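See below for structure_18.txt, which holds compact mmCIF, C-alpha atoms and all ligand atoms.
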```txt
# COMPACT_ATOMS: atom_id res chain seq x y z
CA MET A 507 -18.26 19.11 30.73
CA SER A 508 -16.04 21.13 33.12
CA LEU A 509 -16.12 24.94 33.09
CA ASP A 510 -12.70 24.81 31.42
CA GLY A 511 -14.14 22.50 28.79
CA VAL A 512 -17.05 24.87 28.17
CA VAL A 513 -14.66 27.80 27.73
CA ARG A 514 -12.44 25.81 25.33
CA CYS A 515 -15.46 24.60 23.38
CA GLU A 516 -16.79 28.14 23.05
CA ALA A 517 -13.35 29.44 22.03
CA ASN A 518 -13.09 26.80 19.28
CA HIS A 519 -16.61 27.54 18.12
CA LEU A 520 -15.81 31.26 17.84
CA GLY A 521 -12.50 30.61 16.12
CA THR A 522 -10.59 32.70 18.69
CA HIS A 523 -9.15 32.32 22.15
CA ASN A 524 -9.33 36.05 22.87
CA PRO A 525 -10.53 36.08 26.54
CA SER A 526 -12.74 39.17 26.12
CA VAL A 527 -14.64 37.70 23.23
CA VAL A 528 -15.06 34.35 24.95
CA ALA A 529 -16.16 35.94 28.27
CA VAL A 530 -18.86 38.05 26.65
CA ARG A 531 -20.14 35.14 24.60
CA LEU A 532 -20.26 32.90 27.67
CA LEU A 533 -22.06 35.48 29.76
CA PHE A 534 -24.59 36.08 27.00
CA ARG A 535 -25.21 32.38 26.39
CA TYR A 536 -25.46 31.33 30.05
CA ARG A 537 -27.07 34.43 31.70
CA TYR A 538 -30.32 32.56 32.34
CA VAL A 539 -28.42 29.79 34.09
CA VAL A 540 -26.48 32.31 36.16
CA ALA A 541 -29.75 34.04 37.06
CA HIS A 542 -31.22 30.78 38.27
CA ILE A 543 -28.20 29.70 40.33
CA LYS A 544 -27.46 33.09 41.87
CA ARG A 545 -31.18 34.02 42.15
CA PHE A 546 -30.50 37.33 40.43
CA PRO A 547 -33.54 39.02 38.94
CA MET A 548 -33.17 38.95 35.13
CA LYS A 549 -33.45 42.72 35.05
CA THR A 550 -30.35 43.08 37.28
CA LEU A 551 -28.47 40.51 35.27
CA ASN A 552 -29.34 42.18 31.95
CA ARG A 553 -28.07 45.49 33.35
CA LEU A 554 -24.86 43.78 34.46
CA PHE A 555 -24.57 42.24 30.99
CA ALA A 556 -24.95 45.70 29.37
CA THR A 557 -22.21 47.10 31.63
CA VAL A 558 -19.82 44.25 30.79
CA MET A 559 -20.60 44.69 27.11
CA GLY A 560 -19.74 48.40 27.32
CA ALA A 561 -16.53 47.75 29.22
CA THR A 562 -15.32 45.12 26.83
CA SER A 563 -16.41 46.74 23.59
CA ILE A 564 -13.04 48.49 23.10
CA ALA A 565 -11.22 45.21 23.69
CA LEU A 566 -13.61 43.52 21.27
CA VAL A 567 -12.96 46.02 18.49
CA ALA A 568 -9.21 45.67 19.06
CA SER A 569 -9.50 41.88 18.98
CA PHE A 570 -11.34 41.49 15.62
CA PRO A 571 -8.20 41.38 13.49
CA THR A 572 -6.98 38.34 15.52
CA VAL A 573 -10.09 36.25 14.77
CA ASN A 574 -8.97 33.29 12.64
CA VAL A 575 -11.16 32.04 9.84
CA GLN A 576 -10.27 28.38 9.25
CA ALA A 577 -11.80 27.94 5.78
CA ALA A 578 -8.82 29.06 3.69
CA ALA A 579 -6.87 25.75 3.69
CA PRO A 580 -4.43 25.43 0.82
CA MET A 581 -5.39 23.12 -2.08
CA ILE A 582 -3.57 19.76 -2.01
CA SER A 583 -2.83 19.93 -5.77
CA ALA A 584 -1.01 16.55 -5.96
CA GLN A 585 -1.80 12.93 -5.17
CA PRO A 586 0.26 11.16 -2.49
CA ALA A 587 2.59 8.26 -3.37
CA ALA A 588 0.73 5.63 -5.37
CA PHE A 589 1.07 1.99 -4.36
CA TYR A 590 -1.37 -0.64 -3.13
CA THR A 591 -0.66 -3.99 -1.48
CA ILE A 592 -2.69 -7.18 -1.38
CA LYS A 593 -2.04 -10.65 0.03
CA VAL A 594 -1.75 -13.67 -2.23
CA GLY A 595 -1.45 -16.54 0.24
CA ALA A 596 1.80 -15.89 2.11
CA PHE A 597 3.03 -13.40 -0.52
CA GLU A 598 2.54 -9.66 -0.40
CA VAL A 599 2.03 -8.14 -3.84
CA THR A 600 2.27 -4.38 -4.27
CA ALA A 601 1.18 -2.51 -7.38
CA VAL A 602 3.49 0.49 -7.90
CA TYR A 603 2.35 3.33 -10.15
CA ASP A 604 4.72 4.66 -12.81
CA GLY A 605 2.41 7.22 -14.40
CA GLY A 606 0.02 7.64 -17.25
CA GLY A 607 -1.06 9.91 -20.02
CA PRO A 608 -3.40 10.32 -22.95
CA LEU A 609 -3.33 7.74 -25.74
CA SER A 610 -5.12 8.13 -29.03
CA PRO A 611 -8.14 5.85 -29.59
CA THR A 612 -6.91 5.50 -33.18
CA LEU A 613 -4.30 3.03 -31.82
CA LEU A 614 -7.15 0.52 -31.60
CA HIS A 615 -7.77 -1.66 -34.65
CA GLU A 616 -11.47 -1.01 -34.81
CA ASP A 617 -13.96 1.24 -36.56
CA ALA A 618 -13.48 4.73 -35.04
CA GLN A 619 -17.21 5.36 -34.56
CA ARG A 620 -17.67 2.08 -32.68
CA VAL A 621 -14.70 2.92 -30.40
CA LEU A 622 -16.15 6.36 -29.77
CA THR A 623 -19.48 4.87 -28.71
CA MET A 624 -17.73 2.50 -26.29
CA LEU A 625 -15.75 5.36 -24.74
CA GLU A 626 -18.87 7.49 -24.36
CA SER A 627 -20.75 4.68 -22.68
CA ASN A 628 -17.89 4.42 -20.15
CA TYR A 629 -18.01 8.19 -19.40
CA LEU A 630 -14.56 8.67 -20.93
CA PRO A 631 -13.32 11.47 -23.19
CA THR A 632 -13.52 10.49 -26.83
CA ASP A 633 -10.40 12.31 -28.09
CA ASN A 634 -7.99 10.34 -25.89
CA ILE A 635 -7.84 7.43 -23.45
CA GLN A 636 -6.01 7.95 -20.18
CA GLY A 637 -3.36 5.21 -20.07
CA SER A 638 -2.01 3.84 -16.78
CA ILE A 639 1.36 2.14 -16.21
CA ALA A 640 2.29 0.04 -13.18
CA GLY A 641 4.84 -2.53 -12.08
CA PHE A 642 4.45 -5.08 -9.28
CA VAL A 643 6.55 -6.01 -6.24
CA VAL A 644 6.25 -9.60 -5.04
CA ASN A 645 7.57 -10.19 -1.54
CA THR A 646 7.61 -13.97 -1.07
CA GLY A 647 9.02 -13.70 2.44
CA SER A 648 12.40 -15.01 1.31
CA LYS A 649 12.85 -13.06 -1.95
CA LEU A 650 11.94 -9.64 -3.27
CA ILE A 651 10.88 -9.82 -6.92
CA LEU A 652 9.68 -7.15 -9.34
CA ILE A 653 7.41 -7.86 -12.28
CA ASP A 654 8.00 -4.97 -14.74
CA THR A 655 9.39 -1.61 -13.68
CA GLY A 656 7.62 1.15 -15.62
CA THR A 657 9.17 3.50 -18.15
CA GLY A 658 12.14 4.96 -16.30
CA GLY A 659 10.90 8.16 -17.97
CA GLN A 660 12.07 11.57 -16.93
CA GLY A 661 8.87 13.42 -17.87
CA THR A 662 6.24 14.70 -15.47
CA LYS A 663 3.63 12.12 -16.42
CA THR A 664 5.67 8.90 -16.18
CA GLY A 665 8.84 7.64 -14.51
CA LYS A 666 7.42 7.63 -10.98
CA PHE A 667 8.02 3.93 -10.35
CA MET A 668 11.20 4.30 -8.27
CA LYS A 669 9.78 7.08 -6.09
CA ASN A 670 6.62 5.09 -5.40
CA PHE A 671 8.59 1.84 -4.91
CA ARG A 672 10.66 3.54 -2.18
CA ALA A 673 7.53 5.09 -0.67
CA ALA A 674 6.10 1.56 -0.39
CA GLY A 675 8.98 0.80 1.98
CA TYR A 676 11.48 -0.94 -0.31
CA GLN A 677 15.03 -0.17 -1.50
CA PRO A 678 16.47 -1.07 -4.95
CA GLU A 679 19.32 -3.10 -3.44
CA GLN A 680 16.79 -5.43 -1.78
CA VAL A 681 15.50 -6.68 -5.15
CA ASP A 682 16.70 -10.23 -5.99
CA GLU A 683 15.00 -10.71 -9.36
CA ILE A 684 13.15 -8.71 -11.99
CA LEU A 685 10.73 -10.71 -14.15
CA LEU A 686 9.84 -8.90 -17.36
CA THR A 687 6.63 -9.54 -19.25
CA HIS A 688 8.32 -8.12 -22.37
CA LEU A 689 10.87 -5.55 -23.51
CA HIS A 690 8.71 -2.56 -24.41
CA HIS A 691 9.99 0.63 -22.78
CA ASP A 692 7.05 0.98 -20.37
CA HIS A 693 8.02 -2.35 -18.74
CA VAL A 694 11.82 -2.52 -18.95
CA GLY A 695 12.70 1.21 -18.98
CA GLY A 696 12.76 1.39 -15.18
CA ILE A 697 15.69 -1.00 -14.72
CA VAL A 698 18.26 1.59 -15.88
CA GLY A 699 18.96 5.24 -15.08
CA PRO A 700 19.33 8.03 -17.65
CA ASP A 701 23.08 7.43 -17.97
CA GLY A 702 22.58 3.71 -18.57
CA GLN A 703 23.56 2.43 -15.11
CA ALA A 704 21.70 -0.53 -13.52
CA LEU A 705 19.27 0.83 -10.92
CA PHE A 706 18.92 -2.53 -9.14
CA PRO A 707 22.49 -3.47 -8.15
CA ASN A 708 21.74 -7.01 -6.93
CA ALA A 709 18.88 -8.05 -9.23
CA VAL A 710 19.02 -10.76 -11.88
CA ILE A 711 16.80 -10.00 -14.90
CA ARG A 712 14.58 -12.89 -16.06
CA LEU A 713 12.56 -12.93 -19.28
CA ALA A 714 11.65 -15.36 -22.04
CA GLN A 715 14.58 -16.40 -24.23
CA SER A 716 12.54 -15.63 -27.37
CA GLU A 717 11.88 -12.06 -26.13
CA SER A 718 15.54 -11.45 -25.39
CA ASP A 719 16.60 -12.93 -28.74
CA TYR A 720 14.13 -10.83 -30.74
CA TRP A 721 14.87 -7.39 -29.26
CA LEU A 722 18.61 -7.81 -28.81
CA SER A 723 19.22 -9.07 -32.36
CA PRO A 724 21.26 -6.46 -34.30
CA SER A 725 19.76 -7.65 -37.59
CA ASN A 726 16.18 -7.25 -36.27
CA ALA A 727 17.09 -3.74 -35.07
CA GLN A 728 18.46 -2.90 -38.49
CA ARG A 729 15.35 -4.16 -40.29
CA ALA A 730 12.96 -2.37 -37.90
CA LEU A 731 10.53 0.17 -39.26
CA ASP A 732 11.07 3.76 -38.14
CA GLY A 733 8.34 3.58 -35.48
CA GLU A 734 9.95 0.49 -33.92
CA LYS A 735 13.60 1.54 -33.96
CA ASP A 736 13.29 3.24 -30.56
CA ASP A 737 11.97 0.04 -28.98
CA PHE A 738 15.08 -1.87 -30.08
CA GLU A 739 17.32 0.91 -28.77
CA VAL A 740 15.57 1.00 -25.38
CA ALA A 741 15.84 -2.79 -25.00
CA ARG A 742 19.52 -2.80 -25.90
CA LYS A 743 20.37 0.00 -23.45
CA ALA A 744 18.35 -1.59 -20.63
CA ALA A 745 19.98 -4.98 -21.10
CA LYS A 746 23.58 -3.74 -21.36
CA PRO A 747 24.63 -3.17 -17.71
CA TYR A 748 22.95 -6.41 -16.62
CA GLU A 749 24.53 -8.42 -19.45
CA ASP A 750 27.92 -6.89 -18.62
CA SER A 751 27.63 -8.03 -15.01
CA GLY A 752 26.23 -11.49 -15.84
CA ARG A 753 22.77 -10.69 -14.50
CA TRP A 754 20.72 -11.04 -17.73
CA SER A 755 19.26 -14.52 -17.47
CA PRO A 756 16.57 -15.55 -20.01
CA PHE A 757 14.46 -18.66 -19.39
CA GLN A 758 12.64 -21.18 -21.58
CA ALA A 759 8.86 -20.83 -22.01
CA GLY A 760 6.80 -22.49 -19.28
CA GLU A 761 9.67 -22.60 -16.79
CA LEU A 762 8.99 -22.52 -13.05
CA ILE A 763 10.85 -19.34 -12.18
CA ASP A 764 10.70 -19.54 -8.40
CA PRO A 765 8.73 -21.63 -5.95
CA GLY A 766 5.19 -20.36 -6.56
CA ILE A 767 5.97 -18.37 -9.72
CA GLN A 768 5.24 -19.91 -13.11
CA ALA A 769 5.92 -18.25 -16.47
CA LEU A 770 3.32 -18.64 -19.22
CA ALA A 771 4.04 -17.76 -22.88
CA LEU A 772 1.46 -15.25 -24.21
CA PRO A 773 2.80 -14.44 -27.69
CA GLY A 774 1.37 -11.80 -30.00
CA HIS A 775 1.93 -8.49 -28.25
CA THR A 776 5.63 -9.28 -28.65
CA PRO A 777 7.25 -12.58 -29.72
CA GLY A 778 8.26 -13.62 -26.20
CA HIS A 779 5.52 -11.86 -24.27
CA THR A 780 5.03 -13.67 -20.93
CA GLY A 781 2.51 -13.78 -18.09
CA TYR A 782 3.34 -14.83 -14.54
CA GLN A 783 1.15 -16.93 -12.30
CA LEU A 784 1.81 -16.54 -8.57
CA THR A 785 0.59 -19.34 -6.29
CA SER A 786 0.87 -19.44 -2.51
CA ASN A 787 -1.12 -21.43 0.04
CA GLY A 788 -3.77 -22.26 -2.56
CA HIS A 789 -4.26 -18.64 -3.66
CA THR A 790 -3.27 -17.35 -7.09
CA LEU A 791 -2.72 -14.11 -8.95
CA PHE A 792 -2.14 -13.96 -12.69
CA ILE A 793 -0.16 -10.96 -14.00
CA TRP A 794 -0.95 -10.78 -17.70
CA GLY A 795 1.38 -8.10 -19.06
CA ASP A 796 -0.05 -6.39 -22.14
CA VAL A 797 -2.68 -8.93 -23.07
CA VAL A 798 -5.05 -5.98 -22.51
CA ASN A 799 -3.96 -2.39 -23.22
CA PHE A 800 -7.35 -0.62 -23.37
CA ALA A 801 -9.67 -2.40 -20.96
CA VAL A 802 -12.89 -0.55 -21.76
CA VAL A 803 -12.64 -1.60 -25.39
CA GLN A 804 -10.69 -4.88 -25.40
CA LEU A 805 -12.55 -6.64 -22.56
CA PRO A 806 -15.98 -6.37 -24.19
CA ARG A 807 -14.37 -7.07 -27.59
CA PRO A 808 -11.20 -9.17 -27.17
CA SER A 809 -10.79 -9.47 -30.95
CA ILE A 810 -9.63 -5.84 -31.10
CA SER A 811 -5.84 -5.53 -31.20
CA VAL A 812 -3.74 -2.38 -30.96
CA ASP A 813 -0.87 -0.79 -32.85
CA PHE A 814 1.49 -1.91 -30.06
CA ASP A 815 0.75 -5.57 -30.83
CA ASN A 816 3.67 -6.95 -32.81
CA ASN A 817 1.43 -9.64 -34.32
CA PRO A 818 -2.18 -8.38 -34.00
CA VAL A 819 -3.82 -11.64 -35.12
CA GLN A 820 -1.82 -13.77 -32.71
CA ALA A 821 -2.34 -11.20 -29.92
CA ALA A 822 -6.14 -11.40 -30.36
CA LYS A 823 -6.03 -15.20 -30.28
CA THR A 824 -3.92 -15.21 -27.10
CA ARG A 825 -6.21 -12.60 -25.51
CA ALA A 826 -9.40 -14.52 -26.31
CA ALA A 827 -8.05 -17.79 -24.91
CA LEU A 828 -6.59 -16.26 -21.74
CA LEU A 829 -9.66 -14.18 -20.89
CA ARG A 830 -11.86 -17.25 -21.32
CA ARG A 831 -9.64 -19.34 -19.04
CA LEU A 832 -9.23 -16.69 -16.32
CA SER A 833 -12.95 -15.87 -16.23
CA GLN A 834 -13.86 -19.56 -15.99
CA GLU A 835 -11.39 -20.00 -13.11
CA GLY A 836 -12.63 -16.85 -11.36
CA ALA A 837 -8.94 -15.93 -11.16
CA LEU A 838 -7.56 -12.87 -9.47
CA VAL A 839 -5.79 -10.91 -12.19
CA ALA A 840 -3.42 -7.94 -12.42
CA GLY A 841 -2.40 -5.92 -15.45
CA PRO A 842 0.13 -3.10 -15.73
CA HIS A 843 -2.28 -1.11 -17.91
CA MET A 844 -5.49 -1.82 -16.04
CA PRO A 845 -6.91 1.15 -14.09
CA PHE A 846 -4.54 1.51 -11.11
CA PRO A 847 -3.86 -0.45 -8.94
CA GLY A 848 -4.98 -2.95 -11.57
CA PHE A 849 -6.13 -5.90 -9.41
CA GLY A 850 -9.47 -7.44 -10.28
CA HIS A 851 -11.61 -10.27 -11.60
CA LEU A 852 -13.32 -10.90 -14.93
CA ARG A 853 -17.03 -11.50 -15.28
CA VAL A 854 -18.58 -12.87 -18.45
CA GLN A 855 -21.19 -10.49 -19.85
CA ALA A 856 -23.47 -10.52 -22.90
CA GLN A 857 -20.56 -9.38 -25.05
CA GLY A 858 -17.07 -10.20 -23.82
CA TYR A 859 -16.06 -9.48 -20.23
CA ALA A 860 -16.54 -6.89 -17.49
CA TRP A 861 -13.74 -5.86 -15.11
CA ILE A 862 -14.53 -6.08 -11.40
CA PRO A 863 -11.79 -4.16 -9.59
CA VAL A 864 -10.85 -5.29 -6.07
CA THR A 865 -12.44 -3.31 -3.27
CA TYR A 866 -10.07 -0.98 -1.41
CA SER A 867 -8.99 -2.15 2.01
CA ASP A 868 -6.77 -0.24 4.44
CA ALA A 869 -5.56 -3.61 5.75
CA ILE A 870 -3.39 -5.88 3.61
CA VAL A 871 -5.83 -8.63 2.74
CA GLN A 872 -6.48 -11.39 0.23
CA PRO A 873 -9.05 -9.99 -2.25
ZN ZN B 1 2.87 -1.82 -22.08
```
What is this structure when it is put down as structure tokens?
Amino acid sequence: MSLDGVVRCEANHLGTHNPSVVAVRLLFRYRYVVAHIKRFPMKTLNRLFATVMGATSIALVASFPTVNVQAAAPMISAQPAAFYTIKVGAFEVTAVYDGGGPLSPTLLHEDAQRVLTMLESNYLPTDNIQGSIAGFVVNTGSKLILIDTGTGGQGTKTGKFMKNFRAAGYQPEQVDEILLTHLHHDHVGGIVGPDGQALFPNAVIRLAQSESDYWLSPSNAQRALDGEKDDFEVARKAAKPYEDSGRWSPFQAGELIDPGIQALALPGHTPGHTGYQLTSNGHTLFIWGDVVNFAVVQLPRPSISVDFDNNPVQAAKTRAALLRRLSQEGALVAGPHMPFPGFGHLRVQAQGYAWIPVTYSDAIVQP
């Protein structure tokens, strides 16, 4: 190291570049070396050192207030933008976080004590379950497609989809299509702004015909129980600007939506609830919508439905069959309510299934 390097190193170590402080420290540290090179007797050198110390002591005292202590860095206090991208063949698929919040375990159709035990064994609080909401961007190379869009909420906990979508490098006007798994507010809410305008000016909305028919039926809305009335209202408001501009385009169950994107009917959670299978260059990803809402409970015990399931018995049947199929295939799976970013595989265990999340990579890779 050069002399300049030694001085800089010492200055950094001391936390100050005050020349007096650095000079004294250097002289003290290297006085034996100096003695050897210059053939000074140590006694003479120590006397010289004492003289320098005396001469610089006033400067030293004056310099103390300028010494910087580097430990007091401010707390970060907030997470950075939340998105995560993987490769599926030639596609890039990005999970975009909308938010989350506490959900009551009583939403689960299961004995409360048994639920509590499952939460405890997963090191989770027992009074609430932290929910997570995400949507997905599929960049096929020729089209930009969204699968679900979060809540569009204005609260502090949710409604972050658009901010995170932009942070991932995309703009709303680039989106060609939005595929909806269903019309609950945490999936469709993000397509419209608070004043009801379409937030994706060029996107065509695709969803199962049966889902569109159910939620947009005025007579169904009228018959809805109090707890469901909001869901009908949200669906109607979200659909309006897209219907008005001819961009609300339902499909029949099982339709091939785009090259490499197949819709699969998964009824139960809602009447037209749909999953999407992406296939590119022999690789697949299955996005399952709300087949699973509470992973730590419903993967080990797929028979447990939730209050959000429109038809709990049918939902459990759909869940059991899909989980069996995906685990047998060793399929890569994504779910908007799986722990973010929500990409993973299923492994059969003694009871039900375990979730194996994909391993983080700072390169965009095929999991
Ligand atoms: Zn949902």
Checklist entry - Neighbours of ligand ZN 1 (chain B) within 10 Å, counting all atoms listed in the file, as a list in words? => result Gly637, Ser638, Ile639, Ala640, Asp654, Gly656, Thr657, Thr687, His688, Leu689, His690, His691, Asp692, His693, Val694, His775, Gly795, Asp796, Val797, Val798, Asn799, Phe814, Asp815, Gly841, Pro842 and His843 of chain A
Would you save the residues of that selection, restricted to C-alpha atoms, as a compact mmCIF listing (two decimals), keeping the file's coordinate frame?
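Wrote out03.txt, looks like this:
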```
# COMPACT_ATOMS: atom_id res chain seq x y z
CA GLY A 637 -3.36 5.21 -20.07
CA SER A 638 -2.01 3.84 -16.78
CA ILE A 639 1.36 2.14 -16.21
CA ALA A 640 2.29 0.04 -13.18
CA ASP A 654 8.00 -4.97 -14.74
CA GLY A 656 7.62 1.15 -15.62
CA THR A 657 9.17 3.50 -18.15
CA THR A 687 6.63 -9.54 -19.25
CA HIS A 688 8.32 -8.12 -22.37
CA LEU A 689 10.87 -5.55 -23.51
CA HIS A 690 8.71 -2.56 -24.41
CA HIS A 691 9.99 0.63 -22.78
CA ASP A 692 7.05 0.98 -20.37
CA HIS A 693 8.02 -2.35 -18.74
CA VAL A 694 11.82 -2.52 -18.95
CA HIS A 775 1.93 -8.49 -28.25
CA GLY A 795 1.38 -8.10 -19.06
CA ASP A 796 -0.05 -6.39 -22.14
CA VAL A 797 -2.68 -8.93 -23.07
CA VAL A 798 -5.05 -5.98 -22.51
CA ASN A 799 -3.96 -2.39 -23.22
CA PHE A 814 1.49 -1.91 -30.06
CA ASP A 815 0.75 -5.57 -30.83
CA GLY A 841 -2.40 -5.92 -15.45
CA PRO A 842 0.13 -3.10 -15.73
CA HIS A 843 -2.28 -1.11 -17.91
```
Could you give me, as CSV, every stretch 791-832 of chain A residue with an atom at most 12 Å from stretch 862-871 of chain A, plus its closest atom pair and distance in Å to one decimal, counting only C-alpha atoms, rows ordered by chain then number?
```
residue,atom,partner,partner_atom,distance
A:Ala801,CA,A:Ile862,CA,11.3
A:Val802,CA,A:Ile862,CA,11.9
A:Leu805,CA,A:Ile862,CA,11.3
```
Checklist entry - Suppose you want the space between atom CA of A:Glu679 and atom CA of A:Ala709; what is it in Å? => result 7.6 Å
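Each of A:Leu828, A:Ala840, A:Leu686, A:Val710 was compared to A:Tyr590 using all atoms listed in the file, and A:Ala840 turns out to be the nearest.
Coordinates place atom CA of A:Thr824 at a distance of 23.8 Å from atom CA of A:Leu722.
Using all atoms listed in the file, the smallest distance between any of A:Thr790, A:Thr664, A:Thr646, A:Ser751 and A:Asn708 comes from A:Ser751.
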Checklist entry - Out of A:Leu613, A:Val602, A:Leu832, A:Met668, which residue has the shortest atom-to-atom distance to A:Ile810 when counting only C-alpha atoms? => result A:Leu613
Give me, as a PDB file with C-alpha atoms, in the frame of the given file, all polymer residues having an atom no more than 10 Å from A:Gln677, counting only C-alpha atoms and skipping those fewer than 4 positions away in the same chain.
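Result saved to out.pdb:
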```pdb
ATOM      1  CA  MET A 668      11.200   4.300  -8.270  1.00  0.00           C
ATOM      2  CA  PHE A 671       8.590   1.840  -4.910  1.00  0.00           C
ATOM      3  CA  ARG A 672      10.660   3.540  -2.180  1.00  0.00           C
ATOM      4  CA  ALA A 673       7.530   5.090  -0.670  1.00  0.00           C
ATOM      5  CA  VAL A 681      15.500  -6.680  -5.150  1.00  0.00           C
ATOM      6  CA  PHE A 706      18.920  -2.530  -9.140  1.00  0.00           C
TER       7      PHE A 706
END
```
Next on the checklist: With all atoms listed in the file as the counted atoms, please give the residues lying no more than 12 Å from A:Val621, apart from itself and same-chain residues fewer than 2 positions off, as a ChimeraX atom specification.
Outcome noted: /A:610-619,623-628,630-635,800-804,806-807,810
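Here atom CA of A:Arg620 stands at a distance of 29.0 Å from atom CA of A:Leu731.
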Checklist entry - Using all atoms listed in the file, which of the listed residues (A:Phe597, A:Tyr859, A:Phe738, A:Trp794) sits closest to A:Lys649? => result A:Phe597
Next on the checklist: I'd like the contact shell of A:Thr662 - 12 Å cut-off, only C-alpha atoms, skipping same-chain residues fewer than 3 positions apart - returned as a ChimeraX atom specification.
Outcome noted: /A:604-607,657-659,665-666
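The smallest atom-to-atom distance between A:Ala769 and any of A:Gln715, A:Gln834, A:Ser811, A:Gln728, using only C-alpha atoms, is found for A:Gln715.
Take the candidates A:Pro724, A:Pro818, A:Gly760, A:Pro808 and check each one against A:Thr776 using all atoms listed in the file; the shortest distance goes to A:Pro818.
Contact shell of A:Trp861 at 7 Å (all atoms listed in the file; same-chain neighbours under 3 positions omitted): Gly850, His851, Leu852 and Arg853 of chain A.
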Requested write-out: C-alpha atoms of the selected residues, as a tab-separated table (two decimals), in the coordinates of the input:
```tsv
chain	number	residue	atom	x	y	z
A	850	GLY	CA	-9.47	-7.44	-10.28
A	851	HIS	CA	-11.61	-10.27	-11.60
A	852	LEU	CA	-13.32	-10.90	-14.93
A	853	ARG	CA	-17.03	-11.50	-15.28
```
N, CA and C atoms for stretch 772-785 of chain A, written as a PDB file, in the frame of the given file, could you do that?
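The resulting file, out-v2.pdb, is shown below:
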```pdb
ATOM      1  N   LEU A 772       2.668 -15.915 -23.687  1.00  0.00           N
ATOM      2  CA  LEU A 772       1.460 -15.250 -24.210  1.00  0.00           C
ATOM      3  C   LEU A 772       1.845 -14.454 -25.454  1.00  0.00           C
ATOM      4  N   PRO A 773       2.246 -15.130 -26.529  1.00  0.00           N
ATOM      5  CA  PRO A 773       2.800 -14.440 -27.690  1.00  0.00           C
ATOM      6  C   PRO A 773       1.762 -13.619 -28.443  1.00  0.00           C
ATOM      7  N   GLY A 774       2.246 -12.628 -29.165  1.00  0.00           N
ATOM      8  CA  GLY A 774       1.370 -11.800 -30.000  1.00  0.00           C
ATOM      9  C   GLY A 774       1.691 -10.333 -29.785  1.00  0.00           C
ATOM     10  N   HIS A 775       1.591  -9.890 -28.529  1.00  0.00           N
ATOM     11  CA  HIS A 775       1.930  -8.490 -28.250  1.00  0.00           C
ATOM     12  C   HIS A 775       3.389  -8.258 -28.622  1.00  0.00           C
ATOM     13  N   THR A 776       4.247  -9.179 -28.169  1.00  0.00           N
ATOM     14  CA  THR A 776       5.630  -9.280 -28.650  1.00  0.00           C
ATOM     15  C   THR A 776       5.918 -10.777 -28.790  1.00  0.00           C
ATOM     16  N   PRO A 777       7.022 -11.146 -29.472  1.00  0.00           N
ATOM     17  CA  PRO A 777       7.250 -12.580 -29.720  1.00  0.00           C
ATOM     18  C   PRO A 777       7.399 -13.412 -28.438  1.00  0.00           C
ATOM     19  N   GLY A 778       8.052 -12.842 -27.429  1.00  0.00           N
ATOM     20  CA  GLY A 778       8.260 -13.620 -26.200  1.00  0.00           C
ATOM     21  C   GLY A 778       7.469 -13.086 -25.024  1.00  0.00           C
ATOM     22  N   HIS A 779       6.348 -12.453 -25.326  1.00  0.00           N
ATOM     23  CA  HIS A 779       5.520 -11.860 -24.270  1.00  0.00           C
ATOM     24  C   HIS A 779       5.084 -12.944 -23.280  1.00  0.00           C
ATOM     25  N   THR A 780       5.193 -12.646 -21.973  1.00  0.00           N
ATOM     26  CA  THR A 780       5.030 -13.670 -20.930  1.00  0.00           C
ATOM     27  C   THR A 780       4.137 -13.173 -19.805  1.00  0.00           C
ATOM     28  N   GLY A 781       3.271 -14.058 -19.302  1.00  0.00           N
ATOM     29  CA  GLY A 781       2.510 -13.780 -18.090  1.00  0.00           C
ATOM     30  C   GLY A 781       3.102 -14.561 -16.933  1.00  0.00           C
ATOM     31  N   TYR A 782       2.815 -14.143 -15.719  1.00  0.00           N
ATOM     32  CA  TYR A 782       3.340 -14.830 -14.540  1.00  0.00           C
ATOM     33  C   TYR A 782       2.201 -15.194 -13.605  1.00  0.00           C
ATOM     34  N   GLN A 783       2.161 -16.485 -13.255  1.00  0.00           N
ATOM     35  CA  GLN A 783       1.150 -16.930 -12.300  1.00  0.00           C
ATOM     36  C   GLN A 783       1.807 -17.127 -10.938  1.00  0.00           C
ATOM     37  N   LEU A 784       1.308 -16.406  -9.934  1.00  0.00           N
ATOM     38  CA  LEU A 784       1.810 -16.540  -8.570  1.00  0.00           C
ATOM     39  C   LEU A 784       0.859 -17.466  -7.814  1.00  0.00           C
ATOM     40  N   THR A 785       1.421 -18.421  -7.089  1.00  0.00           N
ATOM     41  CA  THR A 785       0.590 -19.340  -6.290  1.00  0.00           C
ATOM     42  C   THR A 785       1.208 -19.485  -4.902  1.00  0.00           C
TER      43      THR A 785
END
```
